[in-house]
Amino acid sequence: MQNSVHDPKVLIALDFADADAALEFVKPLDPKNCRLKVGKELFAVAGPEFVQQLVFQGFDVFLDLKYHDIPNTVAKAVAAAARMGVWMVNVHASGGSKMMKAAKEALTGFEKPPLLIAVTVLTSMQREDLAEIGLDIEPKEQVLRLAKLTQDSGLDGVVCSAQETAMLRKELGEDFCLVTPGIRPAGSAANDQKRIMTPADALKSGSSYLVIGRPITQAVDPIKALQSINDSLDVE
Ligand SMILES: O=C(O)c1cc(=O)[nH]c(=O)n1[C@@H]1O[C@H](COP(=O)(O)O)[C@@H](O)[C@H]1O
């Protein structure tokens with residue numbers, strides 16, 4: 001799967017403390033080279049107007065609010081996200097099939113609904129973190145279980161680590177969208193991420209999209225960092 005100007009694979013995580021800092025960062029970016037992710041921190045301070053501004057500038061926006069609530073609440077939140085014109089939105093798969101089906105149902109009737117995906121096991125978690133919450137299994141087993149539940153619930157894909165994409169591609173087919181954070185170019189700091197992979201390896205393993213934050217946003221030259229990641233993806 002190649003990175004292309006028509007379907008950029010890199011989703012930059014705009015984990016900034018306020019809209020001004022995020023807009024300053026976005027200014028030199030071109031929607032042909034990347035998509036953008038707005039998460040909880042930025043959304044809490046900048047809100048829907050900021051998201052719509054990015055959409056207006058031509059960016060595909062992944063609204064990453066990881067909804068996890070009763071089905072009615074999640075359905076309404078997903079519909080509200082769709083009204084902002086975002087490209088992708090997510091829920092937590094551990095909210096269960098009733099919640100996920102309600103979310104999917106809430107998107108019927110939208111002319112261009114966002115892709116709806118579900119978080120499986122956060123990329124910051126390892127076996128010991130699952131044990132702590134009563135799950136005595138390997139992360140990859142839990143990822144597979146939740147990814148199957150997500151697919152059976154009619155969603156478009158999952159968030160998982162790139163370490164699980166080969167397994168999920170085999171089990172769930174070519175059309176299921178696999179969005180992978182925990183991406184770290186060789187030599188960069190892992191930070192709080194645990195289940196990590198390089199951009200090129202992640203794409204080769206079957207990732208559909210790569211979520212990358214700090215390796216780009218905190219680089220001395222973010223445009224150069226993005227360019228070098230995109231170049232690494234164009235090599236077959
Ligand atoms: O849903 C996500 O995007 C997500 C899921 C997950 O399992 N792990 C994960 O890191 N993320 C998000 O991906 C981004 C990763 O950022 P960096 O670690 O800075 O590259 C952050 O915005 C996280 O909120």
# chains A, B, ... in the order shown; residues from 1 in each chain; ligands from 1
call {"tool": "select_by_dssp", "arguments": {"residues": "region 112-141 of chain A", "states": "strand (DSSP E or B)", "output": "list in words"}}
result
Leu115, Leu116, Ile117, Ala118 and Val119 of chain A
call {"tool": "residues_near_ligand", "arguments": {"ligand": "ligand 1", "cutoff": "8 Å", "atoms": "only C-alpha atoms and all ligand atoms", "output": "PDB file with C-alpha atoms, in the first residue's frame"}}
result
ATOM      1  CA  ALA A  13      -1.987  14.252  16.000  1.00  0.00           C
ATOM      2  CA  LEU A  14      -2.515  17.943  16.804  1.00  0.00           C
ATOM      3  CA  ASP A  15      -1.947  17.535  20.525  1.00  0.00           C
ATOM      4  CA  LYS A  37      -6.247  14.461  14.117  1.00  0.00           C
ATOM      5  CA  VAL A  38      -7.925  16.579  16.781  1.00  0.00           C
ATOM      6  CA  GLY A  39      -8.041  14.916  20.178  1.00  0.00           C
ATOM      7  CA  LYS A  40      -9.436  15.563  23.625  1.00  0.00           C
ATOM      8  CA  ASP A  64     -10.468  11.485  18.141  1.00  0.00           C
ATOM      9  CA  LEU A  65     -12.738  11.786  21.156  1.00  0.00           C
ATOM     10  CA  LYS A  66     -12.915   8.014  21.817  1.00  0.00           C
ATOM     11  CA  ASN A  90     -13.929   6.962  16.908  1.00  0.00           C
ATOM     12  CA  VAL A 119     -10.247   1.750  19.644  1.00  0.00           C
ATOM     13  CA  THR A 120      -9.228  -1.778  20.651  1.00  0.00           C
ATOM     14  CA  VAL A 121      -6.348  -1.785  23.189  1.00  0.00           C
ATOM     15  CA  LEU A 122      -4.524   1.535  23.625  1.00  0.00           C
ATOM     16  CA  THR A 123      -0.980   1.493  22.258  1.00  0.00           C
ATOM     17  CA  SER A 124       0.334   2.641  25.648  1.00  0.00           C
ATOM     18  CA  VAL A 159      -7.431   1.680  16.080  1.00  0.00           C
ATOM     19  CA  CYS A 160      -4.744  -0.826  17.061  1.00  0.00           C
ATOM     20  CA  SER A 161      -0.976  -0.997  17.238  1.00  0.00           C
ATOM     21  CA  VAL A 179      -5.465   2.979  12.017  1.00  0.00           C
ATOM     22  CA  THR A 180      -2.221   2.702  13.948  1.00  0.00           C
ATOM     23  CA  PRO A 181      -0.777   5.123  16.504  1.00  0.00           C
ATOM     24  CA  GLY A 182       2.396   4.224  18.397  1.00  0.00           C
ATOM     25  CA  ILE A 183       4.426   5.025  15.269  1.00  0.00           C
ATOM     26  CA  ARG A 184       8.043   5.918  15.858  1.00  0.00           C
ATOM     27  CA  ALA A 190       9.015   6.109  22.430  1.00  0.00           C
ATOM     28  CA  ASN A 191       7.596   8.492  25.105  1.00  0.00           C
ATOM     29  CA  ASP A 192       4.599   6.781  26.764  1.00  0.00           C
ATOM     30  CA  GLN A 193       3.969   4.447  23.801  1.00  0.00           C
ATOM     31  CA  VAL A 211      -1.257   8.381  13.563  1.00  0.00           C
ATOM     32  CA  ILE A 212       1.887  10.350  14.365  1.00  0.00           C
ATOM     33  CA  GLY A 213       2.132  13.131  16.931  1.00  0.00           C
ATOM     34  CA  ARG A 214       5.281  14.075  18.800  1.00  0.00           C
ATOM     35  CA  PRO A 215       7.825  12.767  16.231  1.00  0.00           C
ATOM     36  CA  ILE A 216       6.417  15.463  13.898  1.00  0.00           C
ATOM     37  CA  THR A 217       4.922  18.146  16.181  1.00  0.00           C
TER      38      THR A 217
END
call {"tool": "closest_residue", "arguments": {"among": "A:Gly206, A:Pro139, A:Pro8, A:Gly187", "to": "Glu174 (chain A)", "atoms": "only C-alpha atoms"}}
result
A:Gly206
call {"tool": "closest_residue", "arguments": {"among": "A:Lys76, A:Leu54, A:Phe16, A:Asn33", "to": "Asp231 (chain A)", "atoms": "only C-alpha atoms"}}
result
A:Asn33
call {"tool": "select_by_dssp", "arguments": {"residues": "region 52-90 of chain A", "states": "helix (DSSP H, G or I)", "output": "list in words"}}
result
Gln52, Gln53, Leu54, Val55, Phe56, Pro71, Asn72, Thr73, Val74, Ala75, Lys76, Ala77, Val78, Ala79, Ala80, Ala81, Ala82 and Arg83 of chain A
